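Colleague: Structure: coords_2.cif, mmCIF, C-alpha atoms.
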data_final
#
loop_
_atom_site.label_atom_id
_atom_site.label_comp_id
_atom_site.auth_asym_id
_atom_site.auth_seq_id
_atom_site.Cartn_x
_atom_site.Cartn_y
_atom_site.Cartn_z
CA MET A 8 0.00 0.00 0.00
CA VAL A 9 1.02 3.66 0.02
CA ASP A 10 4.09 4.51 2.07
CA LYS A 11 3.23 6.31 5.35
CA GLU A 12 5.75 9.08 4.70
CA LEU A 13 4.27 9.69 1.26
CA LEU A 14 0.75 9.72 2.70
CA GLU A 15 1.77 12.42 5.19
CA ILE A 16 2.85 14.82 2.43
CA LEU A 17 0.08 14.13 -0.11
CA CYS A 18 -2.74 16.62 -0.41
CA CYS A 19 -5.53 17.49 -2.80
CA PRO A 20 -3.96 19.21 -5.82
CA GLU A 21 -6.99 21.50 -6.12
CA THR A 22 -7.55 22.72 -2.54
CA LYS A 23 -4.41 21.50 -0.72
CA GLN A 24 -6.65 19.76 1.86
CA SER A 25 -5.20 16.69 3.48
CA VAL A 26 -6.24 13.22 2.30
CA SER A 27 -6.69 9.95 4.18
CA LEU A 28 -6.89 6.31 3.20
CA ILE A 29 -10.32 4.72 2.90
CA GLY A 30 -11.14 1.29 4.29
CA LYS A 31 -11.45 -2.00 2.44
CA ASP A 32 -15.26 -1.93 2.57
CA ALA A 33 -15.32 1.45 0.83
CA VAL A 34 -12.87 0.20 -1.81
CA GLN A 35 -15.11 -2.81 -2.47
CA LYS A 36 -18.19 -0.59 -2.78
CA ILE A 37 -16.43 1.65 -5.30
CA ASN A 38 -15.16 -1.34 -7.28
CA ASP A 39 -18.71 -2.73 -7.37
CA GLY A 40 -19.83 0.60 -8.82
CA ILE A 41 -17.01 0.52 -11.36
CA LYS A 42 -18.06 -2.98 -12.46
CA SER A 43 -21.64 -1.82 -12.90
CA GLY A 44 -20.55 1.26 -14.86
CA THR A 45 -21.89 3.84 -12.41
CA VAL A 46 -18.63 5.51 -11.33
CA VAL A 47 -17.69 8.64 -13.27
CA ASN A 48 -14.61 10.73 -12.59
CA ARG A 49 -14.49 14.52 -12.46
CA GLY A 50 -13.37 14.59 -16.08
CA GLY A 51 -16.73 13.03 -17.03
CA THR A 52 -15.29 9.66 -18.04
CA THR A 53 -16.87 6.40 -16.86
CA VAL A 54 -14.25 4.61 -14.78
CA LYS A 55 -13.44 1.13 -16.09
CA GLU A 56 -10.34 0.20 -14.08
CA SER A 57 -10.81 -1.01 -10.51
CA ILE A 58 -8.92 0.61 -7.64
CA ASP A 59 -6.65 -0.91 -4.99
CA GLY A 60 -7.36 1.87 -2.52
CA GLY A 61 -8.37 5.49 -2.31
CA LEU A 62 -7.46 8.79 -0.70
CA LEU A 63 -10.44 10.77 0.55
CA ARG A 64 -10.15 14.55 0.61
CA GLU A 65 -10.58 16.08 4.07
CA ASP A 66 -13.99 17.60 3.23
CA GLY A 67 -15.21 14.18 2.01
CA LYS A 68 -16.24 15.44 -1.43
CA TYR A 69 -13.64 13.72 -3.65
CA LEU A 70 -11.66 10.50 -3.67
CA TYR A 71 -8.36 10.05 -5.46
CA PRO A 72 -7.85 6.45 -6.65
CA ILE A 73 -4.85 4.28 -5.84
CA ARG A 74 -3.85 1.79 -8.52
CA GLU A 75 -0.88 -0.57 -8.22
CA ASP A 76 0.13 1.24 -5.00
CA ILE A 77 0.37 4.57 -6.84
CA PRO A 78 -1.94 7.44 -5.82
CA VAL A 79 -3.47 9.12 -8.89
CA MET A 80 -3.52 12.74 -7.71
CA LEU A 81 -5.03 14.29 -10.84
CA ILE A 82 -8.11 16.49 -10.40
CA ASP A 83 -9.95 15.00 -13.39
CA GLU A 84 -9.30 11.44 -12.14
CA ALA A 85 -10.93 12.03 -8.74
CA PHE A 86 -14.34 10.46 -8.04
CA VAL A 87 -17.23 12.47 -6.61
CA VAL A 88 -18.21 10.96 -3.26
CA ASP A 89 -21.97 10.60 -2.73
CA GLY A 90 -23.42 11.65 0.57
#
Output the file's structure as structure tokens, nothing else.
Modeller:
Amino acid sequence: MVDKELLEILCCPETKQSVSLIGKDAVQKINDGIKSGTVVNRGGTTVKESIDGGLLREDGKYLYPIREDIPVMLIDEAFVVDG
């Protein structure tokens, strides 16, 4: 998974808010949504590749995916978090 030292320095590239790892249950829920074609990123593209983890922005509005232990910290790749 993501190195602890790296996690401490990562932040949202848009707002500079801190980010935190989501749990396995949340990852599974997102991957279920990806499989069903209901997850769209901020760029408007339907997400087709599952995630290994995610980094939730401090305000809880956006999630940055982690794939192959690499955080994808691109604004357009973030997922809108419902609720």
Colleague: For the structure shown, which residues end up in the PyMOL selection byres ((chain A and resi 77-86) around 8)? Put them as number ranges by chain, please?
Modeller: A: 9, 19-21, 46-51, 61-62, 69-76, 87-88
Colleague: One decimal, in Å: what's the spacing between CA of Asp66 in chain A and CA of Gln24 in chain A?
Modeller: 7.8 Å
Colleague: Closest to Thr45 in chain A among A:Lys31, A:Arg64, A:Asp89, A:Thr22, using all atoms listed in the file?
Modeller: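 Of A:Lys31, A:Arg64, A:Asp89, A:Thr22, the one nearest Thr45 in chain A, counting all atoms listed in the file, is A:Asp89.
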Colleague: So, counting all atoms listed in the file, which residue among A:Leu28, A:Ala33, A:Val54, A:Ile41 is closest to Leu13 in chain A?
Modeller: A:Leu28
Colleague: What lies within 12 Å of Asp32 in chain A using only C-alpha atoms, ignoring chain neighbours under 5 positions off, as a PyMOL selection string?
Modeller: chain A and resi 37-39+59-61
Colleague: Interatomic distance between CA of Gly44 in chain A and CA of Ile58 in chain A?
Modeller: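 Atom-to-atom, CA of Gly44 in chain A to CA of Ile58 in chain A, that is 13.7 Å.
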Colleague: Separation of CA of Leu63 in chain A and CA of Gly40 in chain A, in Å?
Modeller: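 Going from CA of Leu63 in chain A over to CA of Gly40 in chain A, I get 16.7 Å.
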Colleague: Rank A:Ser57, A:Thr52, A:Lys23, A:Leu17 by their smallest atom-to-atom distance to Lys36 in chain A, using all atoms listed in the file, and report the top residue only.
Modeller: A:Ser57
Colleague: Give me range 44-74 of chain A with N, CA and C atoms filled in, as a compact mmCIF listing (two decimals), in the frame of the given file.
Modeller:
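Contents of the output file out.txt:
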# COMPACT_ATOMS: atom_id res chain seq x y z
N GLY A 44 -20.59 0.12 -13.95
CA GLY A 44 -20.55 1.26 -14.86
C GLY A 44 -21.14 2.54 -14.32
N THR A 45 -21.26 2.66 -12.99
CA THR A 45 -21.89 3.84 -12.41
C THR A 45 -20.91 4.86 -11.83
N VAL A 46 -19.62 4.57 -11.88
CA VAL A 46 -18.63 5.51 -11.33
C VAL A 46 -18.06 6.36 -12.46
N VAL A 47 -18.19 7.67 -12.29
CA VAL A 47 -17.69 8.64 -13.27
C VAL A 47 -16.70 9.55 -12.56
N ASN A 48 -15.58 9.84 -13.21
CA ASN A 48 -14.61 10.73 -12.59
C ASN A 48 -14.95 12.19 -12.89
N ARG A 49 -14.22 13.10 -12.29
CA ARG A 49 -14.49 14.52 -12.46
C ARG A 49 -14.33 14.98 -13.90
N GLY A 50 -13.55 14.26 -14.67
CA GLY A 50 -13.37 14.59 -16.08
C GLY A 50 -14.56 14.16 -16.94
N GLY A 51 -15.53 13.46 -16.31
CA GLY A 51 -16.73 13.03 -17.03
C GLY A 51 -16.61 11.67 -17.69
N THR A 52 -15.52 10.96 -17.44
CA THR A 52 -15.29 9.66 -18.04
C THR A 52 -15.77 8.55 -17.11
N THR A 53 -16.47 7.57 -17.66
CA THR A 53 -16.87 6.40 -16.86
C THR A 53 -15.62 5.61 -16.52
N VAL A 54 -15.44 5.32 -15.25
CA VAL A 54 -14.25 4.61 -14.78
C VAL A 54 -14.41 3.13 -15.09
N LYS A 55 -13.39 2.54 -15.71
CA LYS A 55 -13.44 1.13 -16.09
C LYS A 55 -12.42 0.29 -15.35
N GLU A 56 -11.41 0.92 -14.77
CA GLU A 56 -10.34 0.20 -14.08
C GLU A 56 -10.57 0.24 -12.57
N SER A 57 -10.58 -0.94 -11.95
CA SER A 57 -10.81 -1.01 -10.51
C SER A 57 -9.67 -0.33 -9.75
N ILE A 58 -9.92 -0.05 -8.48
CA ILE A 58 -8.92 0.61 -7.64
C ILE A 58 -8.44 -0.36 -6.57
N ASP A 59 -7.22 -0.12 -6.08
CA ASP A 59 -6.65 -0.91 -4.99
C ASP A 59 -6.87 -0.23 -3.65
N GLY A 60 -7.15 1.06 -3.71
CA GLY A 60 -7.36 1.87 -2.52
C GLY A 60 -7.80 3.26 -2.95
N GLY A 61 -7.96 4.14 -1.98
CA GLY A 61 -8.37 5.49 -2.31
C GLY A 61 -7.97 6.46 -1.22
N LEU A 62 -7.80 7.71 -1.62
CA LEU A 62 -7.46 8.79 -0.70
C LEU A 62 -8.61 9.79 -0.72
N LEU A 63 -9.28 9.90 0.41
CA LEU A 63 -10.44 10.77 0.55
C LEU A 63 -9.99 12.15 0.98
N ARG A 64 -10.46 13.17 0.25
CA ARG A 64 -10.15 14.55 0.61
C ARG A 64 -10.78 14.87 1.96
N GLU A 65 -10.16 15.74 2.71
CA GLU A 65 -10.58 16.08 4.07
C GLU A 65 -12.05 16.46 4.16
N ASP A 66 -12.58 17.19 3.17
CA ASP A 66 -13.99 17.60 3.23
C ASP A 66 -14.94 16.48 2.80
N GLY A 67 -14.39 15.33 2.37
CA GLY A 67 -15.21 14.18 2.01
C GLY A 67 -15.89 14.26 0.66
N LYS A 68 -15.55 15.25 -0.16
CA LYS A 68 -16.24 15.44 -1.43
C LYS A 68 -15.62 14.64 -2.58
N TYR A 69 -14.31 14.39 -2.54
CA TYR A 69 -13.64 13.72 -3.65
C TYR A 69 -12.69 12.65 -3.14
N LEU A 70 -12.54 11.62 -3.98
CA LEU A 70 -11.66 10.50 -3.67
C LEU A 70 -10.67 10.34 -4.81
N TYR A 71 -9.40 10.29 -4.47
CA TYR A 71 -8.36 10.05 -5.46
C TYR A 71 -8.03 8.56 -5.44
N PRO A 72 -8.07 7.90 -6.61
CA PRO A 72 -7.85 6.45 -6.65
C PRO A 72 -6.39 6.08 -6.44
N ILE A 73 -6.19 4.87 -5.93
CA ILE A 73 -4.85 4.28 -5.84
C ILE A 73 -4.89 3.03 -6.71
N ARG A 74 -3.96 2.96 -7.64
CA ARG A 74 -3.85 1.79 -8.52
C ARG A 74 -2.40 1.32 -8.51
